[in-house]
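Colleague: The structure under discussion is supplied below as structure tokens; questions concerning it will follow.
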Amino acid sequence: MRSFIFFFILTSTLLYSQKRTSFEKIDSIAYYNKLRDSNIKINKYKAALLYTQKAINYSRKNNEIEAEANETFSLGKIYFDVKKYDDAIKHLNISISIYKNLKSSPILASAYYYLGMCYMKKESFSNAEICFNQAQSLYDTLEITNTSDSLNLQRGIIYQSKGNNILASSIFNIIIAKPDNQTILDVKAEALYQIGLVEMSQNRNNLALTYFNKALDLNSKNKNLDQKSNILLALSTAYEKMLDRSNAYSYLKQHTNLKESIAILDNKKLDVDDYEEFKASERLKEIAQMNEEKKQQEKANKFSKLISILAIALISILSLLSLSLYKNNIIRTQSNLLLEEKNRELIIAKEKAEKASNARSEFLSTVSHELRTPLNAINGIAHLLLEENPKKSQLNYLESLNSLEIT
């Protein structure tokens, strides 16, 4: 029984650990990328789009800005691969805008390159040229040199679209002169095809056929079906100009059949219903996100409004307090002025009283001094008369005078 309980606990712990590990794997960018890549390999592009969008949402939720930029680029690249160029342009531009706040990277340069390729597909050559120049500048900064042939090829096509066939041909010839290797086959075949178009536009059809056939030979090694379709159509057109109806029809038929095969493959990658279903799902998610953002914005606005009201109330209270303090200061100032005035009056009255007292004292002192001398003389005479045996009738008066003292 104890063994059974121990086995049960151990098994539960292991299962929980496995579930936790599985959950941690599922909830990560690496997991979504793995699912995306595996679905691309088996041409399930709807699932690839879904997992890439999940990786973007995860990056955004966790505030991983660089990862969000990378995953948005991957989404744009998938749209480019399935020839949804408007969607590719939208997401590549979003990726570039996110990257503007980050340091330069090869993925940013690739985003500009594929954005330029989208504009090339839509024949917006001026926009494409701007993007390729940005990509070249970033590749130079990052010291990445293995992309120069691809960028030069696109520049040659742009010159060709502007009618500058001489400059375009010189660029194509530089690419053609390079030795064959697996990394350059696609670019070299495209350069041969483009220079063939230049020769055909100048009615040098035999030379054009030579370039087209070389391009077709290289194309057989790289399996680029869209490029092969274009070369077959160019061969048909060249033979048509040379009035070789049989070869013209043969290559045109090959072109048509290949076009149908490409359409089937494209539909297998992402058919119209899957694409519309995915776009409808994403639109619903965007609407839900916009509604959520709108609610958050409304909450923020209400909070800001409340803060504004409280701020206004606080300012009003402070204003009233300031007004009250101002009035109190005025009253206090007036009271101080009145007190100072009364103090000055009291000081003046005190000074007047002191002056009057001093005058009285001085007057009394002066009078006392002036009276003392004659009274002393009278007192002395009365004393002398008393010593000379005065009459009894005079004695009373003399004694009265003798008793006077001046203080």
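Ordering of the structure tokens sets the chain letters (A, B, ...), residue numbers begin anew at 1 in every chain, and ligands are numbered from 1 in the order given.
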Leaving out stretch 114-122 of chain A and any residue of its chain fewer than 2 positions from it, which residues lie within 12 Å of it when counting only C-alpha atoms, given as a PyMOL selection string?

Modeller: chain A and resi 73-96+107-112+124-136+150-151+153-158+161

Colleague: Between A:Asp244, A:Glu143, A:Asp149, A:Asp226, which one has atoms that come closest to A:Thr183, using only C-alpha atoms?

Modeller: A:Asp149

Colleague: So which residues touch A:Ile174 within 10 Å, counting only C-alpha atoms, skipping near sequence neighbours fewer than 3 positions away, as JSON, numbers by chain?

Modeller: {"A": [149, 152, 153, 169, 170, 171, 177, 178, 188, 191]}

Colleague: How close does stretch 240-306 of chain A get to stretch 192-207 of chain A? List, as a Markdown table, each residue of stretch 240-306 of chain A within 10 Å, its nearest atom pair and the distance in Å to one decimal, counting only C-alpha atoms.

Modeller:
```
| residue | atom | partner | partner_atom | distance |
| --- | --- | --- | --- | --- |
| A:Glu240 | CA | A:Asn205 | CA | 9.9 |
| A:Lys241 | CA | A:Asn205 | CA | 7.5 |
| A:Met242 | CA | A:Asn205 | CA | 7.2 |
```

Colleague: Write a file of the just-selected residues containing N, CA and C atoms, as a compact mmCIF listing (two decimals), in the first residue's frame.

Modeller:
```txt
# COMPACT_ATOMS: atom_id res chain seq x y z
N GLU A 240 7.63 34.96 -81.63
CA GLU A 240 6.52 35.60 -82.34
C GLU A 240 7.02 36.76 -83.18
N LYS A 241 7.94 37.54 -82.63
CA LYS A 241 8.51 38.66 -83.40
C LYS A 241 9.31 38.16 -84.60
N MET A 242 9.91 36.98 -84.44
CA MET A 242 10.69 36.41 -85.54
C MET A 242 9.82 35.57 -86.49
```

Colleague: Quote the spacing between atom CA of A:Asn257 and atom CA of A:Ser236 in Å to one decimal place.

Modeller: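 For atom CA of A:Asn257 relative to atom CA of A:Ser236, the distance reads 13.4 Å.
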
Colleague: Using only C-alpha atoms, determine which residues lie at most 6 Å from stretch 67-71 of chain A, disregarding the query and same-chain residues fewer than 4 positions distant; provide the list as a list in words.

Modeller: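 The neighbour list is Ile56, Ser59, Ser95 and Ile98 of chain A.
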
Colleague: Separation of atom CA of A:Tyr275 and atom CA of A:Gln289, in Å?

Modeller: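 Rounded to one decimal, the two atoms are 20.7 Å apart.
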
Colleague: Between atom CA of A:Gln182 and atom CA of A:Ile166, what is the distance in Å, rounded to a tenth?

Modeller: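 Rounded to one decimal, the two atoms are 27.9 Å apart.
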
Colleague: Considering only C-alpha atoms, give me a table of residues in stretch 264-321 of chain A that are at most 12 Å from stretch 25-40 of chain A, with the closest atom pair and distance in Å for each, as CSV.

Modeller:
```
residue,atom,partner,partner_atom,distance
A:Lys268,CA,A:Ile40,CA,11.5
A:Lys269,CA,A:Ile40,CA,8.4
A:Leu270,CA,A:Ile40,CA,10.6
```

Colleague: Write out as a PyMOL selection string which residues come within 9 Å of A:Leu50 when counting only C-alpha atoms, dropping same-chain ones fewer than 5 positions away.

Modeller: chain A and resi 36+45+55+278

Colleague: May I have the selected residues written with N, CA and C atoms, as a PDB file, in the first residue's frame?

Modeller:
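Written file, selection12.pdb:
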```pdb
ATOM      1  N   ARG A  36       5.327  28.047 -36.823  1.00  0.00           N
ATOM      2  CA  ARG A  36       5.231  28.794 -38.085  1.00  0.00           C
ATOM      3  C   ARG A  36       6.128  28.167 -39.146  1.00  0.00           C
ATOM      4  N   TYR A  45       0.142  27.966 -45.071  1.00  0.00           N
ATOM      5  CA  TYR A  45       0.463  29.355 -44.758  1.00  0.00           C
ATOM      6  C   TYR A  45      -0.588  30.015 -43.870  1.00  0.00           C
ATOM      7  N   ALA A  55       2.675  35.178 -32.067  1.00  0.00           N
ATOM      8  CA  ALA A  55       3.997  35.617 -31.588  1.00  0.00           C
ATOM      9  C   ALA A  55       4.035  37.137 -31.427  1.00  0.00           C
ATOM     10  N   PHE A 278      -8.942  34.289 -42.441  1.00  0.00           N
ATOM     11  CA  PHE A 278      -7.900  34.815 -41.553  1.00  0.00           C
ATOM     12  C   PHE A 278      -8.017  36.335 -41.416  1.00  0.00           C
TER      13      PHE A 278
END
```
